[in-house]
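Engineer: structure.txt is reproduced below (compact mmCIF, C-alpha atoms and all ligand atoms).
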# COMPACT_ATOMS: atom_id res chain seq x y z
CA MET M 1167 2.54 5.95 57.79
CA GLU M 1168 5.51 4.88 55.77
CA ILE M 1169 5.25 5.63 52.12
CA LEU M 1170 6.63 2.72 50.20
CA GLU M 1171 8.53 3.53 47.08
CA LYS M 1172 7.53 1.06 44.45
CA GLU M 1173 10.35 -0.79 42.73
CA PRO M 1174 10.30 0.20 39.07
CA VAL M 1175 8.98 -2.60 36.90
CA ALA M 1176 11.77 -4.16 34.90
CA VAL M 1177 11.29 -3.38 31.23
CA SER M 1178 12.95 -4.74 28.22
CA ASN M 1179 14.44 -1.89 26.26
CA SER M 1180 14.55 -3.70 22.99
CA ILE M 1181 12.01 -4.76 20.41
CA PRO M 1182 12.30 -8.53 20.08
CA THR M 1183 10.71 -8.86 16.68
CA ASN M 1184 11.68 -7.66 13.25
CA PRO M 1185 9.75 -4.73 11.79
CA GLN M 1186 6.75 -5.70 9.67
CA HIS M 1187 7.00 -2.83 7.21
CA VAL M 1188 10.26 -1.16 6.19
CA ALA M 1189 10.61 1.70 3.70
CA ILE M 1190 13.85 2.89 2.15
CA ILE M 1191 14.78 6.20 0.54
CA MET M 1192 17.44 4.88 -1.81
CA ASP M 1193 19.67 7.96 -2.05
CA GLY M 1194 23.27 8.60 -3.09
CA ASN M 1195 23.57 6.98 -6.54
CA GLY M 1196 24.84 10.15 -8.20
CA ARG M 1197 27.48 10.88 -5.59
CA TRP M 1198 28.62 7.24 -5.63
CA ALA M 1199 29.22 7.45 -9.38
CA LYS M 1200 30.89 10.85 -9.14
CA GLN M 1201 33.35 9.50 -6.55
CA LYS M 1202 34.36 6.94 -9.14
CA GLY M 1203 34.71 9.52 -11.89
CA LYS M 1204 31.65 8.14 -13.73
CA LEU M 1205 28.35 9.57 -14.94
CA ARG M 1206 25.48 9.78 -12.42
CA THR M 1207 23.54 7.19 -14.39
CA PHE M 1208 26.28 4.63 -13.69
CA GLY M 1209 25.26 4.96 -10.04
CA HIS M 1210 21.59 4.33 -10.83
CA LYS M 1211 22.51 1.14 -12.69
CA ALA M 1212 24.73 -0.02 -9.83
CA GLY M 1213 21.88 0.68 -7.39
CA VAL M 1214 19.84 -2.17 -8.88
CA GLU M 1215 22.07 -4.70 -7.12
CA SER M 1216 21.27 -3.04 -3.78
CA VAL M 1217 17.57 -3.40 -4.56
CA ARG M 1218 18.12 -7.14 -5.10
CA ALA M 1219 20.06 -7.40 -1.84
CA SER M 1220 17.32 -5.58 0.10
CA VAL M 1221 14.58 -7.80 -1.29
CA ARG M 1222 16.66 -10.87 -0.43
CA TYR M 1223 17.25 -9.62 3.08
CA ALA M 1224 13.57 -8.78 3.62
CA ARG M 1225 12.46 -12.24 2.43
CA LYS M 1226 14.98 -14.06 4.59
CA ASN M 1227 14.08 -12.08 7.68
CA GLY M 1228 10.31 -12.27 7.65
CA ILE M 1229 9.69 -8.60 6.84
CA SER M 1230 6.20 -8.59 5.34
CA ALA M 1231 6.34 -5.30 3.42
CA LEU M 1232 9.26 -3.47 1.83
CA THR M 1233 8.60 -0.08 0.21
CA LEU M 1234 11.35 1.41 -1.95
CA PHE M 1235 11.43 5.04 -3.09
CA ALA M 1236 12.62 4.83 -6.70
CA PHE M 1237 11.47 8.14 -8.22
CA SER M 1238 9.83 11.08 -6.53
CA SER M 1239 7.25 13.44 -7.98
CA GLU M 1240 10.02 16.09 -7.78
CA ASN M 1241 12.60 14.02 -9.68
CA TRP M 1242 11.07 15.12 -13.03
CA LYS M 1243 12.98 18.37 -12.44
CA ARG M 1244 16.29 16.58 -13.11
CA PRO M 1245 18.11 16.90 -16.44
CA LYS M 1246 16.08 15.24 -19.23
CA ASP M 1247 18.79 12.70 -20.02
CA GLU M 1248 18.94 11.45 -16.47
CA VAL M 1249 15.13 11.13 -16.29
CA SER M 1250 15.08 9.08 -19.51
CA VAL M 1251 17.83 6.76 -18.29
CA LEU M 1252 15.86 6.22 -15.08
CA MET M 1253 12.69 5.37 -17.03
CA GLU M 1254 14.58 2.96 -19.32
CA LEU M 1255 16.21 1.35 -16.30
CA PHE M 1256 12.81 0.92 -14.67
CA LYS M 1257 11.54 -0.90 -17.78
CA LEU M 1258 14.67 -3.06 -18.01
CA VAL M 1259 14.49 -4.07 -14.37
CA LEU M 1260 10.80 -4.92 -14.66
CA SER M 1261 11.56 -7.14 -17.66
CA SER M 1262 14.52 -8.88 -16.09
CA GLU M 1263 13.37 -9.30 -12.49
CA VAL M 1264 9.63 -9.96 -12.42
CA LYS M 1265 9.82 -13.70 -13.18
CA LYS M 1266 12.36 -14.20 -10.41
CA LEU M 1267 10.29 -12.15 -7.97
CA HIS M 1268 7.22 -14.20 -8.83
CA LYS M 1269 9.13 -17.46 -8.35
CA ASN M 1270 10.17 -16.21 -4.93
CA GLY M 1271 6.60 -15.43 -3.88
CA VAL M 1272 6.97 -11.65 -4.01
CA ARG M 1273 3.89 -9.52 -4.61
CA LEU M 1274 4.88 -6.41 -6.55
CA LYS M 1275 2.98 -3.13 -6.49
CA VAL M 1276 4.00 0.18 -8.00
CA ILE M 1277 2.74 3.07 -5.94
CA GLY M 1278 2.49 6.59 -7.30
CA ASP M 1279 0.88 8.61 -10.08
CA LEU M 1280 1.26 6.28 -13.05
CA SER M 1281 -0.53 8.67 -15.41
CA ALA M 1282 2.77 10.45 -16.12
CA PHE M 1283 4.53 7.30 -17.41
CA ASP M 1284 4.55 6.20 -21.03
CA ALA M 1285 2.07 3.52 -22.07
CA SER M 1286 4.63 0.74 -22.50
CA LEU M 1287 5.92 1.22 -18.96
CA VAL M 1288 2.39 1.27 -17.52
CA LYS M 1289 1.62 -1.95 -19.40
CA LYS M 1290 4.69 -3.66 -17.93
CA ILE M 1291 3.75 -2.48 -14.45
CA GLN M 1292 0.18 -3.76 -14.76
CA ALA M 1293 1.33 -7.13 -16.11
CA ALA M 1294 3.78 -7.54 -13.23
CA GLU M 1295 1.14 -6.62 -10.66
CA ILE M 1296 -1.38 -9.07 -12.11
CA LEU M 1297 1.17 -11.89 -12.33
CA THR M 1298 2.25 -11.51 -8.71
CA GLN M 1299 -1.02 -10.47 -7.08
CA ASN M 1300 -1.61 -13.69 -5.11
CA ASN M 1301 1.92 -14.02 -3.72
CA THR M 1302 2.33 -13.84 0.03
CA GLU M 1303 6.09 -14.10 0.84
CA LEU M 1304 6.77 -10.36 0.67
CA ASN M 1305 4.84 -7.24 -0.36
CA LEU M 1306 7.30 -5.25 -2.44
CA ASN M 1307 6.14 -1.71 -3.19
CA ILE M 1308 8.05 0.47 -5.59
CA ALA M 1309 7.20 4.15 -5.12
CA ALA M 1310 7.51 5.78 -8.54
CA ASN M 1311 6.33 9.29 -9.33
CA TYR M 1312 5.26 9.19 -5.71
CA GLY M 1313 4.85 12.12 -3.36
CA GLY M 1314 3.49 12.02 0.17
CA ARG M 1315 1.42 15.15 -0.42
CA TRP M 1316 0.04 13.65 -3.64
CA ASP M 1317 -1.02 10.52 -1.72
CA ILE M 1318 -2.84 12.56 0.95
CA THR M 1319 -4.44 14.84 -1.63
CA GLU M 1320 -5.65 11.85 -3.70
CA ALA M 1321 -7.18 10.27 -0.58
CA ALA M 1322 -8.98 13.54 0.25
CA LYS M 1323 -10.27 13.79 -3.31
CA LYS M 1324 -11.62 10.21 -3.31
CA ILE M 1325 -13.28 10.78 0.07
CA ALA M 1326 -14.91 13.97 -1.22
CA VAL M 1327 -16.30 12.06 -4.23
CA ASP M 1328 -17.67 9.26 -2.05
CA VAL M 1329 -19.29 11.77 0.32
CA ALA M 1330 -20.82 13.69 -2.60
CA LYS M 1331 -22.19 10.45 -4.06
CA GLY M 1332 -23.67 9.43 -0.71
CA ARG M 1333 -21.38 6.39 -0.35
CA LEU M 1334 -19.74 7.76 2.80
CA LEU M 1335 -20.85 10.05 5.62
CA ALA M 1336 -18.49 12.93 6.38
CA GLU M 1337 -18.85 12.28 10.11
CA ASP M 1338 -17.65 8.69 9.59
CA VAL M 1339 -14.27 9.83 8.24
CA ASP M 1340 -11.79 8.93 10.95
CA GLU M 1341 -8.07 8.08 10.76
CA SER M 1342 -8.64 4.48 9.78
CA VAL M 1343 -11.15 5.40 7.07
CA PHE M 1344 -8.74 8.05 5.76
CA ASP M 1345 -5.90 5.51 5.79
CA SER M 1346 -7.99 3.11 3.72
CA TYR M 1347 -8.06 5.72 0.93
CA THR M 1348 -4.27 6.11 0.76
CA SER M 1349 -1.91 4.09 -1.46
CA PHE M 1350 -0.84 2.04 1.55
CA ALA M 1351 -4.22 0.72 2.65
CA GLN M 1352 -4.02 -3.02 3.46
CA LEU M 1353 -0.34 -2.78 4.41
CA PRO M 1354 0.96 -2.96 7.96
CA ASP M 1355 1.84 0.43 9.55
CA LEU M 1356 5.30 1.68 8.67
CA ASP M 1357 7.75 0.57 11.37
CA LEU M 1358 11.10 1.68 10.03
CA LEU M 1359 12.20 4.28 7.49
CA ILE M 1360 15.79 3.98 6.28
CA ARG M 1361 17.50 6.70 4.25
CA THR M 1362 20.90 6.12 2.70
CA GLY M 1363 23.20 8.81 1.32
CA GLY M 1364 23.62 10.95 4.44
CA GLU M 1365 20.73 13.41 4.07
CA GLU M 1366 18.34 13.57 7.00
CA ARG M 1367 15.04 14.53 5.39
CA ILE M 1368 11.86 12.87 4.12
CA SER M 1369 11.83 14.51 0.67
CA ASN M 1370 8.02 14.21 0.43
CA PHE M 1371 8.02 10.43 0.91
CA LEU M 1372 5.55 8.72 3.25
CA LEU M 1373 4.19 11.73 5.15
CA TRP M 1374 0.98 10.17 6.51
CA GLN M 1375 2.57 6.75 7.10
CA CYS M 1376 5.63 8.13 8.98
CA ALA M 1377 3.52 9.15 12.00
CA TYR M 1378 5.18 6.65 14.34
CA ALA M 1379 7.89 5.10 12.21
CA GLU M 1380 11.43 4.83 13.53
CA PHE M 1381 13.95 6.73 11.38
CA TYR M 1382 17.40 5.40 10.49
CA PHE M 1383 19.83 7.53 8.55
CA THR M 1384 23.11 6.20 7.20
CA ASP M 1385 25.93 7.81 5.23
CA ILE M 1386 26.27 4.68 3.10
CA LEU M 1387 25.53 5.56 -0.53
CA TRP M 1388 22.77 3.42 -2.05
CA PRO M 1389 24.97 1.29 -4.39
CA ASP M 1390 27.02 0.27 -1.33
CA PHE M 1391 23.95 -0.73 0.71
CA ASN M 1392 24.10 -4.52 1.11
CA GLU M 1393 22.53 -7.20 3.33
CA GLN M 1394 24.94 -6.37 6.17
CA ALA M 1395 23.97 -2.69 6.01
CA PHE M 1396 20.28 -3.69 6.13
CA ALA M 1397 21.01 -5.96 9.11
CA ASP M 1398 22.71 -3.03 10.89
CA ALA M 1399 19.59 -0.89 10.38
CA ILE M 1400 17.38 -3.66 11.76
CA SER M 1401 19.65 -4.10 14.74
CA ALA M 1402 19.49 -0.33 15.48
CA TYR M 1403 15.69 -0.57 15.20
CA LYS M 1404 15.58 -3.40 17.71
CA ASP M 1405 17.47 -1.23 20.22
CA ARG M 1406 14.77 1.45 20.10
CA GLN M 1407 11.89 1.53 22.51
CA ARG M 1408 8.67 2.45 20.74
CA ARG M 1409 6.47 4.15 23.29
CA PHE M 1410 3.59 5.49 21.17
CA GLY M 1411 3.01 8.21 23.74
CA LYS M 1412 3.30 6.01 26.82
CA ILE M 1413 6.14 6.02 29.34
CA SER M 1414 8.85 3.36 29.56
CA GLU M 1415 7.35 1.63 32.56
CA GLN M 1416 4.13 0.94 30.67
CA ILE M 1417 5.92 -0.96 27.94
CA THR M 1418 6.38 -4.64 28.54
C1 LIG M 1501 18.79 8.43 -5.59
O1 LIG M 1501 20.10 8.83 -5.84
C2 LIG M 1501 18.10 7.90 -6.81
C3 LIG M 1501 17.01 8.75 -7.31
C4 LIG M 1501 16.57 9.83 -6.76
C5 LIG M 1501 16.38 8.31 -8.53
P1 LIG M 1501 20.43 10.30 -6.34
O2 LIG M 1501 20.36 10.31 -7.83
O3 LIG M 1501 19.56 11.29 -5.67
O4 LIG M 1501 21.93 10.45 -5.88
P2 LIG M 1501 22.60 11.74 -5.22
O5 LIG M 1501 21.78 12.11 -4.04
O6 LIG M 1501 22.60 12.81 -6.25
O7 LIG M 1501 23.97 11.27 -4.86
C1 LIG M 1502 14.64 11.24 -2.82
O1 LIG M 1502 15.95 11.50 -3.22
C2 LIG M 1502 13.94 10.46 -3.87
C3 LIG M 1502 14.44 9.10 -4.10
C4 LIG M 1502 15.36 8.47 -3.45
C5 LIG M 1502 13.79 8.40 -5.17
P1 LIG M 1502 16.39 12.92 -3.82
O2 LIG M 1502 17.85 12.83 -4.04
O3 LIG M 1502 15.56 13.26 -4.98
O4 LIG M 1502 16.04 13.87 -2.60
P2 LIG M 1502 16.37 15.43 -2.36
O5 LIG M 1502 15.74 16.19 -3.48
O6 LIG M 1502 17.85 15.57 -2.35
O7 LIG M 1502 15.77 15.74 -1.04
MG MG M 1503 19.75 12.37 -3.96
Any chance you could give the structure as structure tokens?

Structural biologist:
Amino acid sequence: MEILEKEPVAVSNSIPTNPQHVAIIMDGNGRWAKQKGKLRTFGHKAGVESVRASVRYARKNGISALTLFAFSSENWKRPKDEVSVLMELFKLVLSSEVKKLHKNGVRLKVIGDLSAFDASLVKKIQAAEILTQNNTELNLNIAANYGGRWDITEAAKKIAVDVAKGRLLAEDVDESVFDSYTSFAQLPDLDLLIRTGGEERISNFLLWQCAYAEFYFTDILWPDFNEQAFADAISAYKDRQRRFGKISEQIT
């Protein structure tokens, strides 16, 4: 009997739709400033314009969640002066941008351990979150004093408390229950992680959420990252085939 070789099923190699959830490690401000003979903090200030451009791009292109890494739990180790400039900048940007974000339907959340911030900053964050909480155009998450290990540890701690109090059975803790205890519960899975500035590492960002994200690294320094650079990252993403463990032929 003749064994018929099956024709391989034609598969599309590209992802037709935009990612739902994009995260960005906004790196390279210091080097950008240094190249221009300026102080590192000049680079942080310049980076604010790239934040605006990214938010604009995300809104225009139907991305439903954008998560930006602004300050890591390790960044406290930087020189004191730089840390204070970053904190002041955070306050300034909150004051100057929140109204505009609200007008544009952006829902703002700050994700991270807020207990380390001074009271006036926490107040500004809470006010911005309350003001924008019902907006639906874009979920904008700013990760500040955030660490991926912190997020996982906090989830484990909250689960332990709920189990101890009888609100949750240990045997019911599965991946989706665990996920609901992290800072990113309610958000779509992370589709794309972009890192600017040339380094190819996660630096303790979204460890749990990166499980099946596509990674995109670019040498562009954060203050030079504009809408075109974002579009290039999205176009690279669309050329990837996400298989989630399957083989090509199973993906239609
Ligand atoms: C990223 O830029 C911004 C923050 C971490 C706050 P860097 O400040 O890390 O810039 P480089 O990597 O030193 O150039
Ligand atoms: C990661 O950048 C944190 C942010 C972009 C906020 P870093 O510049 O702090 O990362 P490492 O320490 O070089 O890995
Ligand atoms: Mg850096």

Engineer: How close does each residue of chain M get to ligand LIG 1502 (chain M), giving the shortest atom pair and distance in Å to one decimal for every residue with an atom at most 10 Å away, counting only C-alpha atoms and all ligand atoms, sorted by chain and residue number, as CSV?

Structural biologist:
residue,atom,partner,partner_atom,distance
M:Ile1190,CA,M:LIG1502,C4,8.0
M:Ile1191,CA,M:LIG1502,C4,4.6
M:Met1192,CA,M:LIG1502,C4,4.5
M:Asp1193,CA,M:LIG1502,C4,4.6
M:Gly1194,CA,M:LIG1502,O2,6.9
M:Asn1195,CA,M:LIG1502,O2,8.6
M:Gly1196,CA,M:LIG1502,O2,8.6
M:Arg1197,CA,M:LIG1502,O2,9.9
M:Leu1234,CA,M:LIG1502,C5,8.1
M:Phe1235,CA,M:LIG1502,C5,4.6
M:Ala1236,CA,M:LIG1502,C5,4.1
M:Phe1237,CA,M:LIG1502,C5,3.8
M:Ser1238,CA,M:LIG1502,C2,4.9
M:Ser1239,CA,M:LIG1502,C2,8.4
M:Glu1240,CA,M:LIG1502,O3,6.8
M:Asn1241,CA,M:LIG1502,O3,5.6
M:Trp1242,CA,M:LIG1502,O3,9.4
M:Lys1243,CA,M:LIG1502,O3,9.4
M:Arg1244,CA,M:LIG1502,O3,8.8
M:Ile1308,CA,M:LIG1502,C5,9.8
M:Ala1309,CA,M:LIG1502,C5,7.8
M:Ala1310,CA,M:LIG1502,C5,7.6
M:Asn1311,CA,M:LIG1502,C5,8.6
M:Tyr1312,CA,M:LIG1502,C5,8.6
M:Gly1313,CA,M:LIG1502,C2,9.3
M:Arg1361,CA,M:LIG1502,C4,8.2
M:Thr1362,CA,M:LIG1502,C4,8.6
M:Gly1363,CA,M:LIG1502,O2,8.6
M:Glu1365,CA,M:LIG1502,O6,7.4
M:Glu1366,CA,M:LIG1502,O7,8.7
M:Arg1367,CA,M:LIG1502,O7,6.6
M:Ile1368,CA,M:LIG1502,O7,7.1
M:Ser1369,CA,M:LIG1502,O7,4.5
M:Asn1370,CA,M:LIG1502,C1,8.0
M:Phe1371,CA,M:LIG1502,C2,7.6
M:Trp1388,CA,M:LIG1502,C4,9.1

Engineer: I'd like the neighbourhood of M:Ala1189 as a list in words, where a residue qualifies if any of its atoms comes within 8 Å (using only C-alpha atoms), though same-chain residues fewer than 5 positions away should be ignored.

Structural biologist: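 Once the nearby chain positions are removed, what remains is Leu1232, Thr1233, Leu1234, Phe1235, Leu1356, Leu1358, Leu1359 and Ile1360 of chain M.
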
Engineer: What gap, in Å, lies between atom CA of M:Phe1410 and atom CA of M:Pro1354?

Structural biologist: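 Computed distance, atom CA of M:Phe1410 to atom CA of M:Pro1354, equals 15.9 Å.
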
Engineer: Between M:Ala1199, M:Leu1287, M:Ala1224, M:Ala1399, which residue has the minimum interatomic distance to ligand MG 1503 (chain M), considering all atoms listed in the file?

Structural biologist: M:Ala1199

Engineer: Can you tell me which residues surround M:Ala1212 at a distance of at most 8 Å, considering only C-alpha atoms, apart from same-chain residues fewer than 3 positions away, and format the answer as an MDAnalysis selection string?

Structural biologist: chainID M and resid 1195 1208:1209 1215:1216 1389

Engineer: May I ask which of the residues M:Ser1230, M:Ser1286, M:Val1259, M:His1187 is the closest one to M:His1210, counting only C-alpha atoms?

Structural biologist: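 The closest residue to M:His1210 is M:Val1259.
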
Engineer: Distance table requested - stretch 1345-1399 of chain M against stretch 1262-1277 of chain M, cut-off 12 Å, all atoms listed in the file: one row per qualifying residue with the closest atom pair and its distance in Å to one decimal, ordered by chain and rising residue number, as a Markdown table.

Structural biologist:
| residue | atom | partner | partner_atom | distance |
| --- | --- | --- | --- | --- |
| M:Thr1348 | CA | M:Ile1277 | CA | 10.2 |
| M:Ser1349 | CA | M:Ile1277 | CA | 6.5 |
| M:Phe1350 | CA | M:Ile1277 | CA | 8.4 |
| M:Ala1351 | CA | M:Ile1277 | CA | 11.3 |
| M:Leu1353 | CA | M:Lys1275 | CA | 11.4 |
| M:Phe1371 | CA | M:Ile1277 | CA | 11.4 |
| M:Leu1372 | CA | M:Ile1277 | CA | 11.1 |

Engineer: First collect every listed atom of stretch 1265-1275 of chain M; then fit an axis-aligned box around them, widen it by 4 Å on each side, and give centre and edge lengths in Å to one decimal, as lines of an AutoDock Vina configuration file.

Structural biologist:
center_x = 7.7
center_y = -10.3
center_z = -8.5
size_x = 17.4
size_y = 22.3
size_z = 17.3

Engineer: Which distance in Å separates atom CA of M:Arg1409 and atom CA of M:Asp1355, to one decimal?

Structural biologist: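 Atom CA of M:Arg1409 sits 15.0 Å away from atom CA of M:Asp1355.
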
Engineer: Could you pull stretch 1341-1352 of chain M out of the block above and give me N, CA, C and O atoms, as a compact mmCIF listing (two decimals), in the first residue's frame?

Structural biologist:
# COMPACT_ATOMS: atom_id res chain seq x y z
N GLU M 1341 -2.36 27.99 39.04
CA GLU M 1341 -1.68 29.14 38.42
C GLU M 1341 -2.58 30.36 38.31
O GLU M 1341 -2.15 31.49 38.51
N SER M 1342 -3.88 30.09 38.01
CA SER M 1342 -4.73 31.27 37.82
C SER M 1342 -5.07 31.92 39.17
O SER M 1342 -5.17 33.15 39.25
N VAL M 1343 -5.21 31.10 40.21
CA VAL M 1343 -5.43 31.68 41.55
C VAL M 1343 -4.18 32.48 41.95
O VAL M 1343 -4.27 33.62 42.42
N PHE M 1344 -3.01 31.88 41.75
CA PHE M 1344 -1.76 32.58 42.12
C PHE M 1344 -1.68 33.92 41.38
O PHE M 1344 -1.40 34.96 41.97
N ASP M 1345 -1.97 33.87 40.08
CA ASP M 1345 -1.91 35.08 39.25
C ASP M 1345 -2.82 36.17 39.81
O ASP M 1345 -2.46 37.36 39.80
N SER M 1346 -3.97 35.75 40.32
CA SER M 1346 -4.93 36.75 40.82
C SER M 1346 -4.40 37.46 42.07
O SER M 1346 -4.94 38.50 42.47
N TYR M 1347 -3.36 36.94 42.69
CA TYR M 1347 -2.76 37.59 43.87
C TYR M 1347 -1.58 38.49 43.50
O TYR M 1347 -1.02 39.16 44.35
N THR M 1348 -1.18 38.50 42.23
CA THR M 1348 -0.04 39.34 41.84
C THR M 1348 -0.53 40.75 41.52
O THR M 1348 -1.74 41.01 41.43
N SER M 1349 0.42 41.66 41.30
CA SER M 1349 0.07 43.06 40.98
C SER M 1349 -0.62 43.18 39.63
O SER M 1349 -1.12 44.24 39.30
N PHE M 1350 -0.54 42.16 38.81
CA PHE M 1350 -1.04 42.27 37.44
C PHE M 1350 -2.33 41.50 37.21
O PHE M 1350 -2.75 41.30 36.07
N ALA M 1351 -3.00 41.11 38.31
CA ALA M 1351 -4.29 40.45 38.18
C ALA M 1351 -5.20 41.40 37.42
O ALA M 1351 -5.02 42.60 37.49
N GLN M 1352 -6.13 40.89 36.69
CA GLN M 1352 -7.09 41.68 35.88
C GLN M 1352 -6.50 42.21 34.57
O GLN M 1352 -7.22 42.76 33.77
